[in-house]
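Colleague: Got my_file-v8.cif for you, mmCIF, C-alpha atoms:
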```
data_coords
#
loop_
_atom_site.group_PDB
_atom_site.id
_atom_site.type_symbol
_atom_site.label_atom_id
_atom_site.label_comp_id
_atom_site.auth_asym_id
_atom_site.auth_seq_id
_atom_site.Cartn_x
_atom_site.Cartn_y
_atom_site.Cartn_z
ATOM 1 C CA MET A 458 -2.098 31.346 16.155
ATOM 2 C CA GLU A 459 1.020 29.752 17.568
ATOM 3 C CA ILE A 460 0.759 26.010 17.984
ATOM 4 C CA SER A 461 3.290 23.505 19.330
ATOM 5 C CA VAL A 462 3.251 20.075 17.765
ATOM 6 C CA LEU A 463 4.702 17.039 19.549
ATOM 7 C CA PHE A 464 5.730 13.838 17.774
ATOM 8 C CA PHE A 465 6.034 10.555 19.652
ATOM 9 C CA GLY A 466 7.272 7.023 19.042
ATOM 10 C CA VAL A 467 8.127 6.197 15.456
ATOM 11 C CA LEU A 468 6.912 9.643 14.354
ATOM 12 C CA SER A 469 9.695 11.363 16.297
ATOM 13 C CA GLU A 470 12.146 9.399 14.176
ATOM 14 C CA VAL A 471 10.296 9.899 10.896
ATOM 15 C CA THR A 472 10.117 13.675 11.440
ATOM 16 C CA GLY A 473 13.535 13.875 13.107
ATOM 17 C CA THR A 474 12.094 15.967 15.928
ATOM 18 C CA ARG A 475 9.993 15.687 19.069
ATOM 19 C CA ILE A 476 8.561 19.201 18.928
ATOM 20 C CA LYS A 477 7.938 21.792 16.256
ATOM 21 C CA HIS A 478 6.452 25.248 16.698
ATOM 22 C CA TYR A 479 4.160 26.703 14.058
ATOM 23 C CA ARG A 480 3.156 30.354 13.699
ATOM 24 C CA GLY A 481 0.386 31.981 11.737
ATOM 25 C CA ILE A 482 -1.871 28.922 11.882
ATOM 26 C CA MET A 483 -5.418 29.707 10.754
ATOM 27 C CA SER A 484 -7.174 26.441 11.634
ATOM 28 C CA PHE A 485 -6.592 22.781 12.430
ATOM 29 C CA GLY A 486 -6.885 21.979 8.715
ATOM 30 C CA ASP A 487 -4.225 24.587 7.965
ATOM 31 C CA LEU A 488 -1.962 23.056 10.629
ATOM 32 C CA LYS A 489 -2.415 19.543 9.208
ATOM 33 C CA HIS A 490 -1.402 20.782 5.766
ATOM 34 C CA ARG A 491 1.655 22.592 7.122
ATOM 35 C CA ILE A 492 2.740 19.445 8.981
ATOM 36 C CA LEU A 493 2.209 17.302 5.905
ATOM 37 C CA ASP A 494 4.212 19.751 3.782
ATOM 38 C CA ASP A 495 7.101 19.579 6.262
ATOM 39 C CA PHE A 496 6.936 15.822 6.838
ATOM 40 C CA PRO A 497 5.205 14.180 3.859
ATOM 41 C CA GLU A 498 6.374 10.702 4.916
ATOM 42 C CA ILE A 499 4.071 10.659 7.979
ATOM 43 C CA ILE A 500 1.202 9.811 5.641
ATOM 44 C CA HIS A 501 2.522 6.221 5.603
ATOM 45 C CA TYR A 502 2.002 5.799 9.362
ATOM 46 C CA ASN A 503 -1.032 5.243 11.578
ATOM 47 C CA PHE A 504 -1.562 7.807 14.286
ATOM 48 C CA ARG A 505 -4.169 9.608 16.355
ATOM 49 C CA VAL A 506 -4.051 13.260 17.292
ATOM 50 C CA ALA A 507 -4.460 14.792 20.758
ATOM 51 C CA VAL A 508 -5.066 18.458 21.479
ATOM 52 C CA ASN A 509 -4.046 19.572 24.970
ATOM 53 C CA ASN A 510 -3.716 15.908 26.054
ATOM 54 C CA LYS A 511 -7.113 14.781 24.758
ATOM 55 C CA ILE A 512 -7.547 12.560 21.730
ATOM 56 C CA ILE A 513 -9.774 14.175 19.119
ATOM 57 C CA ASN A 514 -12.074 12.453 16.653
ATOM 58 C CA GLU A 515 -12.869 15.434 14.469
ATOM 59 C CA ASP A 516 -11.100 18.647 13.595
ATOM 60 C CA PRO A 517 -11.183 20.919 16.670
ATOM 61 C CA LEU A 518 -11.175 24.693 16.951
ATOM 62 C CA LEU A 519 -7.644 25.619 17.951
ATOM 63 C CA SER A 520 -6.568 28.502 20.182
ATOM 64 C CA THR A 521 -3.136 30.035 20.285
ATOM 65 C CA ASP A 522 -0.611 28.126 22.453
ATOM 66 C CA ASP A 523 -2.545 24.862 22.103
ATOM 67 C CA VAL A 524 -0.407 21.735 22.092
ATOM 68 C CA VAL A 525 -1.128 19.207 19.372
ATOM 69 C CA ALA A 526 0.365 15.708 19.690
ATOM 70 C CA TYR A 527 0.769 13.063 16.981
ATOM 71 C CA LEU A 528 0.437 9.659 18.634
ATOM 72 C CA PRO A 529 1.287 6.356 16.921
ATOM 73 C CA PRO A 530 -0.529 3.228 18.207
ATOM 74 C CA PHE A 531 0.236 2.729 21.899
ATOM 75 C CA ALA A 532 2.561 -0.022 23.052
ATOM 76 C CA GLY A 533 2.739 0.088 26.840
ATOM 77 C CA GLY A 534 3.223 -2.957 29.033
ATOM 78 C CA MET B 1174 0.721 6.133 38.648
ATOM 79 C CA ARG B 1175 4.449 6.549 38.358
ATOM 80 C CA LEU B 1176 6.817 6.439 35.414
ATOM 81 C CA ILE B 1177 10.302 5.472 36.484
ATOM 82 C CA ASN B 1178 13.594 5.472 34.623
ATOM 83 C CA GLY B 1179 14.768 1.973 33.749
ATOM 84 C CA PRO B 1180 13.482 -1.326 35.176
ATOM 85 C CA LEU B 1181 11.500 -1.872 38.353
ATOM 86 C CA THR B 1182 13.901 -3.249 40.907
ATOM 87 C CA SER B 1183 13.025 -5.923 43.448
ATOM 88 C CA ALA B 1184 13.405 -3.205 46.109
ATOM 89 C CA THR B 1185 10.700 -1.081 44.454
ATOM 90 C CA ILE B 1186 8.423 -4.100 44.087
ATOM 91 C CA SER B 1187 8.953 -5.042 47.759
ATOM 92 C CA GLU B 1188 8.103 -1.505 48.868
ATOM 93 C CA ILE B 1189 4.815 -1.611 46.984
ATOM 94 C CA ILE B 1190 3.892 -4.959 48.533
ATOM 95 C CA ALA B 1191 4.821 -3.711 52.013
ATOM 96 C CA LYS B 1192 2.696 -0.587 51.476
ATOM 97 C CA GLY B 1193 -0.252 -2.792 50.468
ATOM 98 C CA GLY B 1194 0.081 -4.622 53.766
ATOM 99 C CA GLU B 1195 -0.577 -1.407 55.662
ATOM 100 C CA ASN B 1196 -4.181 -1.514 54.511
ATOM 101 C CA HIS B 1197 -5.895 -3.806 57.018
ATOM 102 C CA GLU B 1198 -9.273 -3.670 55.245
ATOM 103 C CA CYS B 1199 -7.806 -5.791 52.455
ATOM 104 C CA GLY B 1200 -7.815 -9.565 52.300
ATOM 105 C CA ALA B 1201 -6.262 -9.849 48.843
ATOM 106 C CA HIS B 1202 -3.674 -8.193 46.644
ATOM 107 C CA SER B 1203 -3.379 -9.095 43.000
ATOM 108 C CA LEU B 1204 0.019 -8.276 41.536
ATOM 109 C CA PHE B 1205 0.872 -8.184 37.834
ATOM 110 C CA LEU B 1206 4.462 -7.795 36.670
ATOM 111 C CA GLY B 1207 5.249 -7.213 33.016
ATOM 112 C CA GLN B 1208 8.655 -8.480 31.934
ATOM 113 C CA VAL B 1209 10.608 -7.694 28.782
ATOM 114 C CA ARG B 1210 10.499 -10.830 26.666
ATOM 115 C CA SER B 1211 13.339 -11.813 24.407
ATOM 116 C CA ASP B 1212 11.279 -12.274 21.252
ATOM 117 C CA VAL B 1213 13.075 -13.559 18.186
ATOM 118 C CA THR B 1214 12.379 -11.772 14.885
ATOM 119 C CA GLY B 1215 14.183 -12.731 11.699
ATOM 120 C CA GLY B 1216 16.687 -14.781 13.696
ATOM 121 C CA LYS B 1217 17.557 -11.881 16.016
ATOM 122 C CA SER B 1218 16.752 -11.802 19.740
ATOM 123 C CA VAL B 1219 15.448 -8.754 21.576
ATOM 124 C CA LYS B 1220 18.015 -7.673 24.166
ATOM 125 C CA ALA B 1221 16.118 -4.648 25.505
ATOM 126 C CA ILE B 1222 13.124 -2.395 25.017
ATOM 127 C CA GLU B 1223 13.386 1.356 24.983
ATOM 128 C CA TYR B 1224 10.173 2.935 26.282
ATOM 129 C CA SER B 1225 9.052 6.488 25.686
ATOM 130 C CA ALA B 1226 5.924 8.203 26.957
ATOM 131 C CA PHE B 1227 3.779 11.301 26.615
ATOM 132 C CA GLU B 1228 4.061 11.860 30.330
ATOM 133 C CA GLU B 1229 1.371 14.478 30.913
ATOM 134 C CA MET B 1230 -1.192 12.422 29.073
ATOM 135 C CA VAL B 1231 -0.073 9.182 30.766
ATOM 136 C CA THR B 1232 -0.809 10.779 34.140
ATOM 137 C CA MET B 1233 -4.245 11.976 33.033
ATOM 138 C CA GLU B 1234 -5.223 8.670 31.435
ATOM 139 C CA ALA B 1235 -3.949 6.632 34.389
ATOM 140 C CA ASP B 1236 -6.129 8.721 36.644
ATOM 141 C CA LYS B 1237 -9.149 7.870 34.472
ATOM 142 C CA ILE B 1238 -8.254 4.152 34.590
ATOM 143 C CA ASN B 1239 -7.999 4.383 38.364
ATOM 144 C CA LYS B 1240 -11.460 5.946 38.643
ATOM 145 C CA SER B 1241 -12.956 3.464 36.218
ATOM 146 C CA ILE B 1242 -11.584 0.453 38.164
ATOM 147 C CA LEU B 1243 -12.736 1.848 41.501
ATOM 148 C CA SER B 1244 -16.242 2.444 40.174
ATOM 149 C CA GLU B 1245 -16.548 -0.967 38.456
ATOM 150 C CA PHE B 1246 -15.146 -3.040 41.350
ATOM 151 C CA ASP B 1247 -16.545 -1.736 44.622
ATOM 152 C CA ASP B 1248 -14.461 -4.093 46.758
ATOM 153 C CA VAL B 1249 -11.203 -2.553 45.472
ATOM 154 C CA LYS B 1250 -9.560 -0.357 48.098
ATOM 155 C CA ALA B 1251 -6.368 0.750 46.350
ATOM 156 C CA MET B 1252 -4.328 0.375 43.200
ATOM 157 C CA GLU B 1253 -0.754 1.051 42.140
ATOM 158 C CA ILE B 1254 0.548 1.379 38.617
ATOM 159 C CA ILE B 1255 4.243 1.788 37.821
ATOM 160 C CA HIS B 1256 5.662 1.737 34.297
ATOM 161 C CA SER B 1257 9.208 2.102 33.055
ATOM 162 C CA LYS B 1258 10.543 4.668 30.655
ATOM 163 C CA GLY B 1259 13.949 4.419 29.016
ATOM 164 C CA VAL B 1260 15.830 1.174 28.535
ATOM 165 C CA VAL B 1261 14.729 -2.104 30.151
ATOM 166 C CA LYS B 1262 16.707 -5.252 29.328
ATOM 167 C CA SER B 1263 15.098 -8.588 28.548
ATOM 168 C CA GLY B 1264 14.256 -10.431 31.755
ATOM 169 C CA GLU B 1265 13.771 -7.170 33.632
ATOM 170 C CA ILE B 1266 10.427 -5.831 34.875
ATOM 171 C CA SER B 1267 8.892 -2.884 33.027
ATOM 172 C CA MET B 1268 5.438 -2.635 34.557
ATOM 173 C CA LEU B 1269 3.678 -3.297 37.841
ATOM 174 C CA VAL B 1270 -0.016 -3.256 38.635
ATOM 175 C CA MET B 1271 -1.182 -4.072 42.136
ATOM 176 C CA ILE B 1272 -4.825 -4.099 43.137
ATOM 177 C CA SER B 1273 -5.776 -4.345 46.786
ATOM 178 C CA ALA B 1274 -9.290 -5.473 47.627
ATOM 179 C CA GLY B 1275 -11.341 -6.890 50.423
ATOM 180 C CA HIS B 1276 -11.575 -10.250 48.674
ATOM 181 C CA ARG B 1277 -9.678 -12.145 45.978
ATOM 182 C CA GLU B 1278 -12.317 -12.159 43.258
ATOM 183 C CA HIS B 1279 -12.395 -8.396 42.757
ATOM 184 C CA ALA B 1280 -8.624 -8.157 43.251
ATOM 185 C CA SER B 1281 -7.826 -10.539 40.398
ATOM 186 C CA ARG B 1282 -10.576 -9.393 38.009
ATOM 187 C CA ALA B 1283 -9.760 -5.723 38.554
ATOM 188 C CA CYS B 1284 -6.065 -6.401 38.038
ATOM 189 C CA ALA B 1285 -6.673 -8.120 34.696
ATOM 190 C CA LYS B 1286 -8.952 -5.265 33.616
ATOM 191 C CA ALA B 1287 -6.441 -2.596 34.667
ATOM 192 C CA VAL B 1288 -3.668 -4.267 32.642
ATOM 193 C CA GLU B 1289 -5.891 -4.289 29.545
ATOM 194 C CA LEU B 1290 -6.802 -0.624 29.985
ATOM 195 C CA ILE B 1291 -3.163 0.356 30.500
ATOM 196 C CA LYS B 1292 -2.128 -1.348 27.266
ATOM 197 C CA GLU B 1293 -5.028 0.208 25.379
ATOM 198 C CA ARG B 1294 -5.035 3.749 26.733
ATOM 199 C CA LEU B 1295 -1.654 4.880 28.046
ATOM 200 C CA PRO B 1296 0.403 6.797 25.469
ATOM 201 C CA ILE B 1297 3.580 4.758 25.828
ATOM 202 C CA TRP B 1298 5.715 3.452 22.958
ATOM 203 C CA LYS B 1299 8.356 0.806 22.745
ATOM 204 C CA LYS B 1300 11.273 0.151 20.495
ATOM 205 C CA GLU B 1301 12.766 -3.322 20.508
ATOM 206 C CA VAL B 1302 16.557 -3.337 20.460
ATOM 207 C CA PHE B 1303 18.184 -6.497 19.095
ATOM 208 C CA GLU B 1304 21.502 -8.145 19.935
ATOM 209 C CA ASP B 1305 23.174 -6.494 16.921
ATOM 210 C CA ASP B 1306 21.901 -3.051 18.095
ATOM 211 C CA SER B 1307 19.380 -2.781 15.269
ATOM 212 C CA ALA B 1308 15.943 -1.689 16.461
ATOM 213 C CA GLN B 1309 12.277 -1.676 15.509
ATOM 214 C CA TRP B 1310 9.158 0.024 16.843
ATOM 215 C CA LYS B 1311 6.601 -2.370 18.212
ATOM 216 C CA GLN B 1312 2.885 -1.918 18.809
ATOM 217 C CA ASN B 1313 0.421 -3.803 20.989
ATOM 218 C CA GLU B 1314 -1.780 -6.289 19.169
#
```
Show this structure as C-alpha cells.

Modeller:
Amino acid sequence: MEISVLFFGVLSEVTGTRIKHYRGIMSFGDLKHRILDDFPEIIHYNFRVAVNNKIINEDPLLSTDDVVAYLPPFAGG
Amino acid sequence: MRLINGPLTSATISEIIAKGGENHECGAHSLFLGQVRSDVTGGKSVKAIEYSAFEEMVTMEADKINKSILSEFDDVKAMEIIHSKGVVKSGEISMLVMISAGHREHASRACAKAVELIKERLPIWKKEVFEDDSAQWKQNE
C-alpha cells in the first residue's frame, strides 16, 4: 500500500518535514515501525493519530492512498 | 468556519457583526474575541504567535461543533467561527466566535461552550515567538 503521512506542529520540526510518502506498507503496525525507524525522536512527544481526517483510538485497517496524520496536542484560540 | 491569513482586522469583525444584524429573529449576539497575549517566559515577552492548522480536519471538526451547538441550544439561530493561521502579533485578534440567538441566555452560554470545543477539538497549533526571535511550541492547558 502507498500511504501519505502528515506531520503537524512540533512534529513537523522534529521530523523536518510536513509530508512523507511510504510505499509497500503492509499494515498500520508496519507503518508505525517505518515512521519510528525514520524519526526515532518522535517517541519523546505526545500525539494522536488521524486516518483520513478522523482520530483513531486503535490500529485501523489501512487502504492504499490513505492519509495518516500525526497530531500533537491542539492549541487553537 | 473560516481560517484566514494573519490577524482578524476590525473591518472583518465589523462585517460579521453587520451580518448578524440581518437576522431579525435574533435578540442577542454573543461575541468572543481571542487576542494574542504577551506572556513572559524566562524573562522574554511573546511578540507574536505563529498558527498552523490541519485545514481539512479543522473544517470537518468545526462543522461538528456547529451541529452540536445548534442541537444543544435550540434558541441559537446562527454561529460564526473565524480563526487565524500564520503570524498574529501580540495585541492582535486571532479568533472570533459569534453566536446569534433569540435571547441572551442561550447566546452567551452557547458562545462559552463553542470556545471550549474549539480549543479542545480543532487541530490548530501555535508557536510563540519571543522578542529575541526565539520560539517555542505551546499547547492548551

Colleague: Within 9 Å of chain B, which residues of chain A are there when counting all atoms listed in the file? Please give them as a list in words.

Modeller: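 Only these qualify: Phe465, Gly466, Val467, Asn509, Asn510, Lys511, Ala526, Leu528, Pro529, Pro530, Phe531, Ala532, Gly533 and Gly534 of chain A.
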
Colleague: Could the residues in this selection be written to a file with C-alpha atoms, as an mmCIF file, in the frame of the given file?

Modeller:
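The result, written out as selection_2.cif:
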```cif
data_model
loop_
_atom_site.group_PDB
_atom_site.id
_atom_site.type_symbol
_atom_site.label_atom_id
_atom_site.label_comp_id
_atom_site.auth_asym_id
_atom_site.auth_seq_id
_atom_site.Cartn_x
_atom_site.Cartn_y
_atom_site.Cartn_z
ATOM 1 C CA PHE A 465 6.034 10.555 19.652
ATOM 2 C CA GLY A 466 7.272 7.023 19.042
ATOM 3 C CA VAL A 467 8.127 6.197 15.456
ATOM 4 C CA ASN A 509 -4.046 19.572 24.970
ATOM 5 C CA ASN A 510 -3.716 15.908 26.054
ATOM 6 C CA LYS A 511 -7.113 14.781 24.758
ATOM 7 C CA ALA A 526 0.365 15.708 19.690
ATOM 8 C CA LEU A 528 0.437 9.659 18.634
ATOM 9 C CA PRO A 529 1.287 6.356 16.921
ATOM 10 C CA PRO A 530 -0.529 3.228 18.207
ATOM 11 C CA PHE A 531 0.236 2.729 21.899
ATOM 12 C CA ALA A 532 2.561 -0.022 23.052
ATOM 13 C CA GLY A 533 2.739 0.088 26.840
ATOM 14 C CA GLY A 534 3.223 -2.957 29.033
#
```

Colleague: What lies within 10 Å of Val1270 in chain B using only C-alpha atoms, ignoring chain neighbours under 5 positions off, as a list in words?

Modeller: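 Near Val1270 in chain B, the qualifying residues are Met1174, Ile1189, Ser1203, Leu1204, Phe1205, Leu1206, Gly1207, Met1252, Glu1253, Ile1254, Ile1255, His1256, Cys1284, Ala1285, Ala1287, Val1288 and Ile1291 of chain B.
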
Colleague: Run the PyMOL selection byres ((chain A and resi 476) around 8) mentally over the shown coordinates, then write out the matched residues as a PyMOL selection string, using the chain letters and numbers from the document.

Modeller: chain A and resi 461-464+474-475+477-478

Colleague: Between CA of Lys1217 in chain B and CA of Ser469 in chain A, what is the distance in Å, rounded to a tenth?

Modeller: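 Distance between the two atoms: 24.5 Å.
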
Colleague: Given the file above and the PyMOL selection byres ((chain A and resi 514-517) around 10), which residues are selected, and can you give them as an mmCIF file with C-alpha atoms, keeping the file's coordinate frame?

Modeller:
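And here is the file that came out, result.cif:
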```cif
data_model
loop_
_atom_site.group_PDB
_atom_site.id
_atom_site.type_symbol
_atom_site.label_atom_id
_atom_site.label_comp_id
_atom_site.auth_asym_id
_atom_site.auth_seq_id
_atom_site.Cartn_x
_atom_site.Cartn_y
_atom_site.Cartn_z
ATOM 1 C CA SER A 484 -7.174 26.441 11.634
ATOM 2 C CA PHE A 485 -6.592 22.781 12.430
ATOM 3 C CA GLY A 486 -6.885 21.979 8.715
ATOM 4 C CA LYS A 489 -2.415 19.543 9.208
ATOM 5 C CA ARG A 505 -4.169 9.608 16.355
ATOM 6 C CA VAL A 506 -4.051 13.260 17.292
ATOM 7 C CA ALA A 507 -4.460 14.792 20.758
ATOM 8 C CA VAL A 508 -5.066 18.458 21.479
ATOM 9 C CA LYS A 511 -7.113 14.781 24.758
ATOM 10 C CA ILE A 512 -7.547 12.560 21.730
ATOM 11 C CA ILE A 513 -9.774 14.175 19.119
ATOM 12 C CA LEU A 518 -11.175 24.693 16.951
ATOM 13 C CA LEU A 519 -7.644 25.619 17.951
ATOM 14 C CA SER A 520 -6.568 28.502 20.182
#
```

Colleague: What gap, in Å, lies between CA of Asp1236 in chain B and CA of Ile1190 in chain B?

Modeller: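 Spanning CA of Asp1236 in chain B to CA of Ile1190 in chain B is a straight-line distance of 20.7 Å.
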
Colleague: Could you jot down the CA of Phe496 in chain A to CA of Asp523 in chain A separation for me, Å, one decimal place?

Modeller: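 Rounded to one decimal, the two atoms are 20.1 Å apart.
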
Colleague: Which residues are near range 490-494 of chain A? Cut-off 9 Å, only C-alpha atoms, ignore same chain within fewer than 6 positions. Put them as a list of chain:residue names.

Modeller: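 Result of the neighbour search: A:Val462, A:Tyr479, A:Ile482, A:Ile500.
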
Colleague: Leaving out Thr1214 in chain B and any residue of its chain fewer than 6 positions from it, which residues lie within 12 Å of it when counting all atoms listed in the file, given as a list in words?

Modeller: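 Everything that qualifies: Lys1220, Glu1301, Val1302, Phe1303, Glu1304, Ser1307, Ala1308, Gln1309 and Lys1311 of chain B.
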
Colleague: Just C-alpha atoms for this one: save the residues we selected as an mmCIF file, keeping the file's coordinate frame.

Modeller:
```cif
data_model
loop_
_atom_site.group_PDB
_atom_site.id
_atom_site.type_symbol
_atom_site.label_atom_id
_atom_site.label_comp_id
_atom_site.auth_asym_id
_atom_site.auth_seq_id
_atom_site.Cartn_x
_atom_site.Cartn_y
_atom_site.Cartn_z
ATOM 1 C CA LYS B 1220 18.015 -7.673 24.166
ATOM 2 C CA GLU B 1301 12.766 -3.322 20.508
ATOM 3 C CA VAL B 1302 16.557 -3.337 20.460
ATOM 4 C CA PHE B 1303 18.184 -6.497 19.095
ATOM 5 C CA GLU B 1304 21.502 -8.145 19.935
ATOM 6 C CA SER B 1307 19.380 -2.781 15.269
ATOM 7 C CA ALA B 1308 15.943 -1.689 16.461
ATOM 8 C CA GLN B 1309 12.277 -1.676 15.509
ATOM 9 C CA LYS B 1311 6.601 -2.370 18.212
#
```

Colleague: Compare B:Ser1211, B:Ala1283, B:Ser1218, B:Asp1305 by their minimum atom-to-atom distance to Ile1238 in chain B, counting only C-alpha atoms, and give me the closest one.

Modeller: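 Between B:Ser1211, B:Ala1283, B:Ser1218, B:Asp1305, the residue approaching Ile1238 in chain B most closely is B:Ala1283.
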
Colleague: Using only C-alpha atoms, which residue out of A:Met483, A:Leu468, A:Leu488, A:Val524 lies closest to Asn503 in chain A?

Modeller: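 Answer, going by the shortest atom-to-atom distance: A:Leu468.
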
Colleague: Out of B:Ile1222, B:Leu1181, B:Ile1186, B:Val1260, which residue has the shortest atom-to-atom distance to Arg1210 in chain B when counting all atoms listed in the file?

Modeller: B:Ile1222

Colleague: Taking the partial coordinates given, rebuild range 1243-1270 of chain B to contain N, CA and C atoms; return it as a PDB file, in the coordinates of the input.

Modeller:
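Final output, out-v7.pdb:
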```pdb
ATOM      1  N   LEU B1243     -12.110   1.688  40.188  1.00  0.00           N
ATOM      2  CA  LEU B1243     -12.736   1.848  41.501  1.00  0.00           C
ATOM      3  C   LEU B1243     -14.263   1.887  41.400  1.00  0.00           C
ATOM      4  N   SER B1244     -14.778   2.414  40.278  1.00  0.00           N
ATOM      5  CA  SER B1244     -16.242   2.444  40.174  1.00  0.00           C
ATOM      6  C   SER B1244     -16.806   1.102  39.719  1.00  0.00           C
ATOM      7  N   GLU B1245     -16.030   0.339  38.923  1.00  0.00           N
ATOM      8  CA  GLU B1245     -16.548  -0.967  38.456  1.00  0.00           C
ATOM      9  C   GLU B1245     -16.445  -2.052  39.540  1.00  0.00           C
ATOM     10  N   PHE B1246     -15.380  -1.979  40.344  1.00  0.00           N
ATOM     11  CA  PHE B1246     -15.146  -3.040  41.350  1.00  0.00           C
ATOM     12  C   PHE B1246     -15.209  -2.398  42.741  1.00  0.00           C
ATOM     13  N   ASP B1247     -16.378  -2.513  43.392  1.00  0.00           N
ATOM     14  CA  ASP B1247     -16.545  -1.736  44.622  1.00  0.00           C
ATOM     15  C   ASP B1247     -15.802  -2.315  45.819  1.00  0.00           C
ATOM     16  N   ASP B1248     -15.239  -3.505  45.665  1.00  0.00           N
ATOM     17  CA  ASP B1248     -14.461  -4.093  46.758  1.00  0.00           C
ATOM     18  C   ASP B1248     -12.985  -3.668  46.684  1.00  0.00           C
ATOM     19  N   VAL B1249     -12.609  -2.979  45.616  1.00  0.00           N
ATOM     20  CA  VAL B1249     -11.203  -2.553  45.472  1.00  0.00           C
ATOM     21  C   VAL B1249     -10.947  -1.339  46.357  1.00  0.00           C
ATOM     22  N   LYS B1250      -9.878  -1.442  47.151  1.00  0.00           N
ATOM     23  CA  LYS B1250      -9.560  -0.357  48.098  1.00  0.00           C
ATOM     24  C   LYS B1250      -8.431   0.530  47.577  1.00  0.00           C
ATOM     25  N   ALA B1251      -7.523  -0.036  46.792  1.00  0.00           N
ATOM     26  CA  ALA B1251      -6.368   0.750  46.350  1.00  0.00           C
ATOM     27  C   ALA B1251      -5.743   0.113  45.127  1.00  0.00           C
ATOM     28  N   MET B1252      -5.080   0.945  44.314  1.00  0.00           N
ATOM     29  CA  MET B1252      -4.328   0.375  43.200  1.00  0.00           C
ATOM     30  C   MET B1252      -3.050   1.157  42.956  1.00  0.00           C
ATOM     31  N   GLU B1253      -2.056   0.460  42.468  1.00  0.00           N
ATOM     32  CA  GLU B1253      -0.754   1.051  42.140  1.00  0.00           C
ATOM     33  C   GLU B1253      -0.427   0.684  40.708  1.00  0.00           C
ATOM     34  N   ILE B1254       0.038   1.678  39.962  1.00  0.00           N
ATOM     35  CA  ILE B1254       0.548   1.379  38.617  1.00  0.00           C
ATOM     36  C   ILE B1254       1.935   2.013  38.523  1.00  0.00           C
ATOM     37  N   ILE B1255       2.902   1.241  38.102  1.00  0.00           N
ATOM     38  CA  ILE B1255       4.243   1.788  37.821  1.00  0.00           C
ATOM     39  C   ILE B1255       4.661   1.260  36.456  1.00  0.00           C
ATOM     40  N   HIS B1256       5.192   2.138  35.625  1.00  0.00           N
ATOM     41  CA  HIS B1256       5.662   1.737  34.297  1.00  0.00           C
ATOM     42  C   HIS B1256       7.035   2.338  34.073  1.00  0.00           C
ATOM     43  N   SER B1257       7.865   1.601  33.361  1.00  0.00           N
ATOM     44  CA  SER B1257       9.208   2.102  33.055  1.00  0.00           C
ATOM     45  C   SER B1257       9.193   3.057  31.883  1.00  0.00           C
ATOM     46  N   LYS B1258      10.182   3.948  31.873  1.00  0.00           N
ATOM     47  CA  LYS B1258      10.543   4.668  30.655  1.00  0.00           C
ATOM     48  C   LYS B1258      12.047   4.470  30.479  1.00  0.00           C
ATOM     49  N   GLY B1259      12.529   4.687  29.263  1.00  0.00           N
ATOM     50  CA  GLY B1259      13.949   4.419  29.016  1.00  0.00           C
ATOM     51  C   GLY B1259      14.190   2.950  28.746  1.00  0.00           C
ATOM     52  N   VAL B1260      15.428   2.518  28.952  1.00  0.00           N
ATOM     53  CA  VAL B1260      15.830   1.174  28.535  1.00  0.00           C
ATOM     54  C   VAL B1260      15.587   0.137  29.636  1.00  0.00           C
ATOM     55  N   VAL B1261      14.932  -0.964  29.245  1.00  0.00           N
ATOM     56  CA  VAL B1261      14.729  -2.104  30.151  1.00  0.00           C
ATOM     57  C   VAL B1261      15.210  -3.349  29.402  1.00  0.00           C
ATOM     58  N   LYS B1262      16.139  -4.076  30.004  1.00  0.00           N
ATOM     59  CA  LYS B1262      16.707  -5.252  29.328  1.00  0.00           C
ATOM     60  C   LYS B1262      15.760  -6.443  29.405  1.00  0.00           C
ATOM     61  N   SER B1263      15.961  -7.409  28.508  1.00  0.00           N
ATOM     62  CA  SER B1263      15.098  -8.588  28.548  1.00  0.00           C
ATOM     63  C   SER B1263      15.318  -9.314  29.879  1.00  0.00           C
ATOM     64  N   GLY B1264      14.214  -9.792  30.434  1.00  0.00           N
ATOM     65  CA  GLY B1264      14.256 -10.431  31.755  1.00  0.00           C
ATOM     66  C   GLY B1264      13.991  -9.453  32.888  1.00  0.00           C
ATOM     67  N   GLU B1265      14.038  -8.157  32.583  1.00  0.00           N
ATOM     68  CA  GLU B1265      13.771  -7.170  33.632  1.00  0.00           C
ATOM     69  C   GLU B1265      12.289  -6.769  33.605  1.00  0.00           C
ATOM     70  N   ILE B1266      11.843  -6.186  34.714  1.00  0.00           N
ATOM     71  CA  ILE B1266      10.427  -5.831  34.875  1.00  0.00           C
ATOM     72  C   ILE B1266      10.194  -4.385  34.422  1.00  0.00           C
ATOM     73  N   SER B1267       9.167  -4.217  33.579  1.00  0.00           N
ATOM     74  CA  SER B1267       8.892  -2.884  33.027  1.00  0.00           C
ATOM     75  C   SER B1267       7.549  -2.313  33.481  1.00  0.00           C
ATOM     76  N   MET B1268       6.752  -3.135  34.145  1.00  0.00           N
ATOM     77  CA  MET B1268       5.438  -2.635  34.557  1.00  0.00           C
ATOM     78  C   MET B1268       4.938  -3.400  35.774  1.00  0.00           C
ATOM     79  N   LEU B1269       4.289  -2.673  36.656  1.00  0.00           N
ATOM     80  CA  LEU B1269       3.678  -3.297  37.841  1.00  0.00           C
ATOM     81  C   LEU B1269       2.268  -2.750  37.997  1.00  0.00           C
ATOM     82  N   VAL B1270       1.343  -3.659  38.255  1.00  0.00           N
ATOM     83  CA  VAL B1270      -0.016  -3.256  38.635  1.00  0.00           C
ATOM     84  C   VAL B1270      -0.354  -4.043  39.897  1.00  0.00           C
TER      85      VAL B1270
END
```
